[in-house]
>>> print(open('upload.txt').read())   # compact mmCIF, C-alpha atoms and all ligand atoms
# COMPACT_ATOMS: atom_id res chain seq x y z
CA MET A 44 -11.93 -18.59 -20.64
CA GLN A 45 -10.45 -16.92 -17.58
CA PRO A 46 -11.24 -13.20 -17.42
CA SER A 47 -8.67 -11.72 -19.73
CA THR A 48 -5.68 -9.84 -18.42
CA TRP A 49 -6.89 -6.76 -20.32
CA VAL A 50 -10.14 -6.72 -18.36
CA LEU A 51 -8.24 -7.11 -15.09
CA ALA A 52 -5.81 -4.35 -16.08
CA ILE A 53 -8.62 -1.93 -16.96
CA ILE A 54 -10.42 -2.62 -13.66
CA GLY A 55 -7.09 -2.08 -11.90
CA LEU A 56 -6.50 1.25 -13.68
CA ILE A 57 -9.97 2.52 -12.73
CA LEU A 58 -9.40 1.49 -9.11
CA GLY A 59 -5.96 3.13 -9.28
CA SER A 60 -7.44 6.46 -10.28
CA PHE A 61 -9.80 6.17 -7.31
CA TYR A 62 -6.76 5.48 -5.07
CA ASN A 63 -5.24 8.72 -6.41
CA VAL A 64 -8.34 10.56 -5.23
CA CYS A 65 -7.90 8.92 -1.79
CA ILE A 66 -4.19 9.84 -1.69
CA TYR A 67 -5.01 13.45 -2.55
CA ARG A 68 -8.07 13.92 -0.37
CA ILE A 69 -7.54 11.84 2.81
CA PRO A 70 -4.68 13.97 4.22
CA ARG A 71 -6.61 17.14 3.30
CA GLU A 72 -9.71 15.76 5.06
CA SER A 73 -11.79 16.60 2.00
CA PHE A 74 -12.75 13.06 1.07
CA TRP A 75 -16.53 13.60 1.13
CA GLU A 76 -16.61 17.17 -0.15
CA SER A 77 -17.40 16.91 -3.85
CA ASN A 78 -17.70 14.12 -6.33
CA ARG A 79 -16.04 15.71 -9.34
CA SER A 80 -12.32 16.29 -9.79
CA HIS A 81 -11.02 19.85 -9.81
CA CYS A 82 -7.58 21.03 -10.91
CA PRO A 83 -5.55 21.73 -7.76
CA GLY A 84 -3.75 24.51 -9.69
CA CYS A 85 -6.65 26.69 -10.88
CA GLY A 86 -9.86 25.01 -9.65
CA THR A 87 -11.26 24.26 -13.11
CA MET A 88 -13.39 21.14 -13.28
CA ILE A 89 -11.45 18.37 -15.03
CA PRO A 90 -13.43 16.79 -17.89
CA PHE A 91 -13.55 12.99 -17.76
CA TRP A 92 -11.53 12.65 -21.01
CA HIS A 93 -8.63 14.33 -19.21
CA ASN A 94 -9.01 11.87 -16.37
CA ILE A 95 -8.44 8.58 -18.19
CA PRO A 96 -5.85 6.52 -16.27
CA ILE A 97 -2.28 6.71 -17.67
CA LEU A 98 -3.46 7.67 -21.22
CA SER A 99 -4.45 11.22 -20.23
CA TYR A 100 -1.11 11.74 -18.54
CA ILE A 101 0.67 10.72 -21.75
CA PHE A 102 -1.57 12.77 -24.09
CA LEU A 103 -1.41 15.84 -21.84
CA ARG A 104 2.38 15.30 -21.57
CA GLY A 105 2.16 15.53 -17.77
CA LYS A 106 0.60 19.02 -17.74
CA ALA A 107 -2.92 20.13 -16.81
CA HIS A 108 -4.84 21.33 -19.90
CA CYS A 109 -6.43 24.28 -18.06
CA CYS A 110 -3.45 26.05 -16.51
CA GLY A 111 -0.37 24.05 -17.47
CA MET A 112 0.29 22.87 -13.89
CA ARG A 113 2.58 19.86 -13.80
CA ILE A 114 0.63 16.69 -12.98
CA PRO A 115 2.58 14.68 -10.39
CA ILE A 116 4.10 11.47 -11.84
CA ARG A 117 2.46 9.76 -8.86
CA TYR A 118 -0.86 9.65 -10.76
CA PRO A 119 0.19 7.27 -13.56
CA ILE A 120 2.47 5.34 -11.16
CA VAL A 121 -0.39 4.60 -8.72
CA GLU A 122 -2.68 3.63 -11.61
CA PHE A 123 -0.03 1.30 -13.03
CA LEU A 124 0.71 -0.29 -9.63
CA ALA A 125 -3.00 -0.88 -8.97
CA ALA A 126 -3.44 -2.59 -12.36
CA LEU A 127 -0.25 -4.63 -11.94
CA SER A 128 -1.17 -5.79 -8.44
CA LEU A 129 -4.71 -6.74 -9.50
CA CYS A 130 -3.35 -8.88 -12.37
CA LEU A 131 -0.58 -10.50 -10.30
CA ILE A 132 -2.90 -11.29 -7.37
CA TYR A 133 -5.54 -12.77 -9.68
CA TRP A 134 -2.92 -14.92 -11.39
CA LYS A 135 -1.85 -16.17 -7.97
CA PHE A 136 -5.42 -16.78 -6.76
CA PRO A 137 -7.66 -17.39 -9.81
CA PHE A 138 -11.25 -18.15 -8.84
CA LEU A 139 -13.50 -17.69 -11.89
CA SER A 140 -14.53 -20.41 -14.31
CA GLU A 141 -14.55 -20.46 -18.06
CA PHE A 142 -17.61 -19.02 -19.83
CA PRO A 143 -20.28 -18.69 -18.43
CA ILE A 144 -18.33 -16.98 -15.68
CA LYS A 145 -19.04 -18.22 -12.18
CA VAL A 146 -17.03 -18.59 -8.98
CA VAL A 147 -15.33 -21.96 -8.94
CA ASP A 148 -12.77 -21.62 -6.18
CA PHE A 149 -14.35 -19.95 -3.19
CA ASN A 150 -11.24 -20.08 -0.99
CA ASN A 151 -9.14 -18.50 -3.72
CA MET A 152 -11.74 -15.75 -4.04
CA LEU A 153 -11.36 -14.99 -0.33
CA ARG A 154 -7.56 -15.08 -0.62
CA PHE A 155 -7.76 -12.77 -3.65
CA PHE A 156 -9.96 -10.16 -1.93
CA HIS A 157 -7.84 -10.31 1.21
CA ALA A 158 -4.55 -9.84 -0.68
CA PHE A 159 -5.88 -7.18 -3.05
CA THR A 160 -7.58 -5.12 -0.33
CA PHE A 161 -4.42 -5.32 1.78
CA THR A 162 -2.20 -4.29 -1.15
CA SER A 163 -4.52 -1.41 -2.10
CA LEU A 164 -4.72 0.01 1.43
CA LEU A 165 -0.94 -0.16 1.80
CA LEU A 166 -0.48 1.46 -1.60
CA ILE A 167 -2.67 4.39 -0.51
CA CYS A 168 -0.92 4.66 2.89
CA SER A 169 2.53 4.56 1.28
CA PHE A 170 1.89 7.41 -1.15
CA ILE A 171 0.25 9.53 1.55
CA ASP A 172 3.34 8.87 3.70
CA ILE A 173 5.65 9.87 0.82
CA ASP A 174 3.74 13.14 0.25
CA HIS A 175 2.88 14.13 3.82
CA LYS A 176 5.09 12.02 6.16
CA ILE A 177 2.02 10.61 7.91
CA ILE A 178 0.22 7.29 7.86
CA PRO A 179 -3.46 8.21 8.13
CA ASP A 180 -5.32 6.83 11.17
CA VAL A 181 -8.46 6.59 9.04
CA ILE A 182 -6.81 3.68 7.23
CA SER A 183 -4.54 2.04 9.84
CA ILE A 184 -7.03 2.00 12.73
CA PRO A 185 -9.96 0.48 10.76
CA MET A 186 -7.46 -2.10 9.43
CA ILE A 187 -6.49 -3.04 12.99
CA LEU A 188 -10.15 -3.16 14.11
CA SER A 189 -11.15 -5.35 11.17
CA THR A 190 -8.65 -8.06 12.19
CA PRO A 191 -11.38 -10.38 13.65
CA LEU A 192 -13.34 -10.10 10.39
CA ILE A 193 -10.22 -10.93 8.35
CA ILE A 194 -9.52 -13.95 10.60
CA LEU A 195 -13.10 -15.23 10.17
CA MET A 196 -12.98 -14.72 6.41
CA HIS A 197 -9.51 -15.92 5.49
CA PRO A 198 -9.04 -19.66 4.85
CA GLU A 199 -5.59 -19.83 6.52
CA LEU A 200 -5.26 -17.03 9.07
CA ASP A 201 -6.14 -18.19 12.60
CA TRP A 202 -7.09 -16.31 15.78
CA LYS A 203 -3.78 -16.81 17.51
CA SER A 204 -1.70 -15.54 14.56
CA GLY A 205 -3.92 -12.52 13.89
CA LEU A 206 -4.40 -11.30 17.45
CA ILE A 207 -0.77 -11.85 18.48
CA GLY A 208 0.12 -10.13 15.19
CA VAL A 209 -1.66 -6.91 16.16
CA PHE A 210 0.08 -6.68 19.54
CA ALA A 211 3.48 -7.91 18.33
CA GLY A 212 3.38 -5.51 15.36
CA GLY A 213 2.42 -2.42 17.32
CA GLY A 214 4.49 -3.41 20.38
CA SER A 215 7.71 -4.06 18.49
CA VAL A 216 7.72 -0.56 16.96
CA ILE A 217 6.93 1.04 20.34
CA LEU A 218 9.74 -1.01 21.92
CA ILE A 219 12.24 -0.02 19.22
CA ASN A 220 11.16 3.59 19.67
CA ARG A 221 11.78 3.40 23.43
CA VAL A 222 15.23 1.84 23.01
CA TYR A 223 16.13 4.37 20.31
CA TYR A 224 14.92 7.20 22.56
CA MET A 225 17.03 5.96 25.48
CA MET A 226 20.09 5.73 23.26
CA ARG A 227 19.72 8.86 21.15
CA GLY A 228 17.28 11.05 23.08
CA GLU A 229 14.96 11.38 20.07
CA THR A 230 12.27 9.33 18.39
CA GLY A 231 13.20 7.22 15.38
CA ILE A 232 10.08 5.81 13.79
CA GLY A 233 6.69 7.22 14.59
CA MET A 234 3.41 6.00 16.03
CA GLY A 235 1.99 5.93 12.50
CA ASP A 236 4.43 3.13 11.71
CA ALA A 237 3.43 1.30 14.94
CA LYS A 238 -0.23 1.33 13.89
CA LEU A 239 0.68 0.27 10.36
CA LEU A 240 2.73 -2.69 11.61
CA ALA A 241 -0.09 -3.64 14.02
CA ALA A 242 -2.45 -3.69 11.01
CA ILE A 243 0.03 -5.78 9.01
CA GLY A 244 0.33 -8.21 11.95
CA GLY A 245 -3.44 -8.51 12.18
CA TRP A 246 -4.01 -9.09 8.48
CA LEU A 247 -1.05 -11.43 7.85
CA GLY A 248 -0.41 -12.96 11.29
CA TYR A 249 2.49 -12.46 13.70
CA GLN A 250 4.65 -14.59 11.37
CA ALA A 251 4.78 -11.55 9.06
CA ILE A 252 6.19 -9.10 11.61
CA PHE A 253 9.84 -10.03 11.58
CA PRO A 254 10.14 -10.54 7.78
CA THR A 255 8.29 -7.24 7.17
CA PHE A 256 10.65 -5.39 9.46
CA PHE A 257 13.66 -7.22 8.07
CA TYR A 258 12.91 -6.53 4.37
CA GLY A 259 11.68 -3.02 5.17
CA SER A 260 14.88 -2.13 7.04
CA ILE A 261 17.12 -3.49 4.29
CA LEU A 262 15.21 -1.65 1.56
CA GLY A 263 15.03 1.52 3.68
CA SER A 264 18.77 1.45 4.38
CA VAL A 265 19.68 0.84 0.74
CA PHE A 266 17.40 3.68 -0.32
CA GLY A 267 18.60 5.97 2.48
CA VAL A 268 22.27 5.44 1.76
CA SER A 269 21.85 5.93 -1.99
CA ALA A 270 19.70 9.03 -1.37
CA MET A 271 22.44 10.46 0.87
CA ILE A 272 25.06 9.76 -1.79
CA PHE A 273 23.07 11.34 -4.62
CA LYS A 274 21.49 14.17 -2.63
CA LYS A 275 24.02 15.16 -0.03
CA ARG A 276 21.73 17.57 1.81
CA LEU A 277 19.15 14.88 2.57
CA ASN A 278 18.60 14.28 6.27
CA PHE A 279 18.21 10.51 6.63
CA LYS A 280 16.18 10.53 9.81
CA SER A 281 13.52 13.09 9.17
CA GLU A 282 13.01 13.02 5.43
CA ILE A 283 12.58 9.38 4.53
CA PRO A 284 9.19 7.92 5.46
CA PHE A 285 9.41 4.34 6.73
CA GLY A 286 5.81 3.36 5.89
CA PRO A 287 6.40 2.54 2.19
CA PHE A 288 9.30 0.23 3.13
CA LEU A 289 7.19 -1.59 5.70
CA ALA A 290 4.48 -1.89 3.05
CA VAL A 291 6.86 -3.37 0.46
CA GLY A 292 8.36 -5.63 3.14
CA SER A 293 4.94 -7.02 4.08
CA LEU A 294 4.05 -7.60 0.41
CA LEU A 295 7.32 -9.47 -0.14
CA HIS A 296 6.41 -11.67 2.82
CA LEU A 297 2.82 -12.14 1.61
CA PHE A 298 3.72 -13.13 -1.94
CA LEU A 299 7.24 -14.56 -1.75
CA SER A 300 7.65 -16.03 1.75
CA ARG A 301 7.78 -19.60 0.48
CA GLN A 302 10.33 -18.83 -2.24
CA VAL A 303 12.46 -16.85 0.20
CA GLN A 304 12.30 -19.68 2.74
CA GLU A 305 13.52 -22.09 0.12
CA LEU A 306 16.28 -19.70 -0.83
CA PHE A 307 17.65 -18.87 2.62
CA PHE A 308 16.05 -21.39 5.05
CA ILE A 309 15.69 -18.59 7.54
CA PHE A 310 12.10 -17.60 8.37
ZN ZN B 1 -5.62 24.05 -13.85
>>> encode(input="upload.txt", output="structure tokens", more="lines below")
Ligand SMILES: [Zn+2]
Amino acid sequence: MQPSTWVLAIIGLILGSFYNVCIYRIPRESFWESNRSHCPGCGTMIPFWHNIPILSYIFLRGKAHCCGMRIPIRYPIVEFLAALSLCLIYWKFPFLSEFPIKVVDFNNMLRFFHAFTFTSLLLICSFIDIDHKIIPDVISIPMILSTPLIILMHPELDWKSGLIGVFAGGGSVILINRVYYMMRGETGIGMGDAKLLAAIGGWLGYQAIFPTFFYGSILGSVFGVSAMIFKKRLNFKSEIPFGPFLAVGSLLHLFLSRQVQELFFIF
């Protein structure tokens, strides 16, 4: 029997609640401070039965038990996305045998860990970007630096693709920034996005850069225009982080590039 989807989903939910801790603590630089969760509203220690992924949010009706502070909807969303991505990526790259469980497809195991680590790091970056309008260097820079390791480990990614990917990814954002600055006299997308796209280029190869940017720009524009229609006061430039759109764009490329190629014959 393959490991059941329930087991995968539960592992994903537990990882997702850890990602929530990362999303909360990394921008506050308090990642190593204490091991237990405290309520950000009143400082009370949160008992573990109020910290069960998704279920606690539903039973507490989205409010902290101690002081009634609203729990951001981000918590169950991140937990759900982590569980969903773990299941989907395992279905795409299954590597365990029937009982007794052992690794049967070593290359798929490498592909799985590559895709799931990539997805998880981008998930964390995206939600930090949504909350704080920054992409943390403590994630993007180690991702860029680990490119050689990813190239050695991954069954398909080669040196040329990965190393060109880092420079093409970072360089293209810097170039766009320069052109935008010459035309408008202000910066469009930030250096955080340049480092993120360099990391994406390193982990997926330079072939991912254009599709990532292409999907990301389309999604970002659709979201930006609808946000401006529904919330008229929204300032398109400064208030919409681009990181989450680059992240979704790169995941579309990673998981659907073949299907999209067949559909449009473009990339
Ligand atoms: Zn509280």
>>> closest_atom_pairs(input="upload.txt", of="chain A", to="ligand ZN 1 (chain B)", cutoff="12 Å", atoms="all atoms listed in the file", output="CSV")
residue,atom,partner,partner_atom,distance
A:Ser80,CA,B:ZN1,ZN,11.0
A:His81,CA,B:ZN1,ZN,7.9
A:Cys82,CA,B:ZN1,ZN,4.6
A:Pro83,CA,B:ZN1,ZN,6.5
A:Gly84,CA,B:ZN1,ZN,4.6
A:Cys85,CA,B:ZN1,ZN,4.1
A:Gly86,CA,B:ZN1,ZN,6.0
A:Thr87,CA,B:ZN1,ZN,5.7
A:Met88,CA,B:ZN1,ZN,8.3
A:Ile89,CA,B:ZN1,ZN,8.2
A:Pro90,CA,B:ZN1,ZN,11.4
A:His93,CA,B:ZN1,ZN,11.5
A:Lys106,CA,B:ZN1,ZN,8.9
A:Ala107,CA,B:ZN1,ZN,5.6
A:His108,CA,B:ZN1,ZN,6.7
A:Cys109,CA,B:ZN1,ZN,4.3
A:Cys110,CA,B:ZN1,ZN,4.0
A:Gly111,CA,B:ZN1,ZN,6.4
A:Met112,CA,B:ZN1,ZN,6.0
A:Arg113,CA,B:ZN1,ZN,9.2
A:Ile114,CA,B:ZN1,ZN,9.7
>>> atom_distance(input="upload.txt", atom1="CA of Val216 in chain A", atom2="CA of His157 in chain A")
24.2 Å
>>> atom_distance(input="upload.txt", atom1="CA of Ser264 in chain A", atom2="CA of Tyr223 in chain A")
16.4 Å
>>> closest_residue(input="upload.txt", among="A:Leu51, A:Leu124, A:Leu200, A:Leu218", to="Trp246 in chain A", atoms="only C-alpha atoms")
A:Leu200
>>> atom_distance(input="upload.txt", atom1="CA of Tyr258 in chain A", atom2="CA of Phe123 in chain A")
23.1 Å
>>> axis_aligned_box(input="upload.txt", around="range 86-92 of chain A", padding_each_side="3 Å", output="lines of an AutoDock Vina configuration file")
center_x = -11.7
center_y = 18.8
center_z = -15.3
size_x = 9.7
size_y = 18.4
size_z = 17.4
>>> closest_residue(input="upload.txt", among="A:Glu141, A:Asp201, A:Glu122, A:Asp174", to="Arg68 in chain A", atoms="all atoms listed in the file")
A:Asp174
>>> closest_atom_pairs(input="upload.txt", of="range 186-221 of chain A", to="range 238-245 of chain A", cutoff="9 Å", atoms="all atoms listed in the file", output="JSON lines")
{"residue": "A:Met186", "atom": "CA", "partner": "A:Ala242", "partner_atom": "CA", "distance": 5.5}
{"residue": "A:Ile187", "atom": "CA", "partner": "A:Ala242", "partner_atom": "CA", "distance": 4.5}
{"residue": "A:Leu188", "atom": "CA", "partner": "A:Ala242", "partner_atom": "CA", "distance": 8.3}
{"residue": "A:Ser189", "atom": "CA", "partner": "A:Gly245", "partner_atom": "CA", "distance": 8.4}
{"residue": "A:Thr190", "atom": "CA", "partner": "A:Gly245", "partner_atom": "CA", "distance": 5.2}
{"residue": "A:Pro191", "atom": "CA", "partner": "A:Gly245", "partner_atom": "CA", "distance": 8.3}
{"residue": "A:Ile193", "atom": "CA", "partner": "A:Gly245", "partner_atom": "CA", "distance": 8.2}
{"residue": "A:Ile194", "atom": "CA", "partner": "A:Gly245", "partner_atom": "CA", "distance": 8.3}
{"residue": "A:Ser204", "atom": "CA", "partner": "A:Gly245", "partner_atom": "CA", "distance": 7.6}
{"residue": "A:Gly205", "atom": "CA", "partner": "A:Gly245", "partner_atom": "CA", "distance": 4.4}
{"residue": "A:Leu206", "atom": "CA", "partner": "A:Gly245", "partner_atom": "CA", "distance": 6.0}
{"residue": "A:Ile207", "atom": "CA", "partner": "A:Gly244", "partner_atom": "CA", "distance": 7.6}
{"residue": "A:Gly208", "atom": "CA", "partner": "A:Gly244", "partner_atom": "CA", "distance": 3.8}
{"residue": "A:Val209", "atom": "CA", "partner": "A:Ala241", "partner_atom": "CA", "distance": 4.2}
{"residue": "A:Phe210", "atom": "CA", "partner": "A:Ala241", "partner_atom": "CA", "distance": 6.3}
{"residue": "A:Ala211", "atom": "CA", "partner": "A:Ala241", "partner_atom": "CA", "distance": 7.0}
{"residue": "A:Gly212", "atom": "CA", "partner": "A:Ala241", "partner_atom": "CA", "distance": 4.2}
{"residue": "A:Gly213", "atom": "CA", "partner": "A:Ala241", "partner_atom": "CA", "distance": 4.3}
{"residue": "A:Gly214", "atom": "CA", "partner": "A:Ala241", "partner_atom": "CA", "distance": 7.8}
{"residue": "A:Ser215", "atom": "CA", "partner": "A:Leu240", "partner_atom": "CA", "distance": 8.6}
{"residue": "A:Val216", "atom": "CA", "partner": "A:Leu240", "partner_atom": "CA", "distance": 7.6}
>>> closest_residue(input="upload.txt", among="A:Pro70, A:Pro115, A:Gly248, A:Gly55", to="Ser128 in chain A", atoms="all atoms listed in the file")
A:Gly55
>>> closest_residue(input="upload.txt", among="A:Pro143, A:Ser73, A:Ala52, A:Leu98", to="Leu131 in chain A", atoms="all atoms listed in the file")
A:Ala52
>>> closest_residue(input="upload.txt", among="A:Leu165, A:Ile177, A:Leu153, A:Met196", to="Ser293 in chain A", atoms="only C-alpha atoms")
A:Leu165
>>> closest_residue(input="upload.txt", among="A:Gly59, A:Gly235, A:Pro254, A:Pro198", to="Ser163 in chain A", atoms="only C-alpha atoms")
A:Gly59
>>> residues_around(input="upload.txt", residues="Ile232 in chain A", least_positions_apart="6", cutoff="10 Å", atoms="only C-alpha atoms", output="list in words")
Val216, Ile217, Ile219, Asn220, Tyr223, Lys280, Ser281, Pro284, Phe285 and Gly286 of chain A
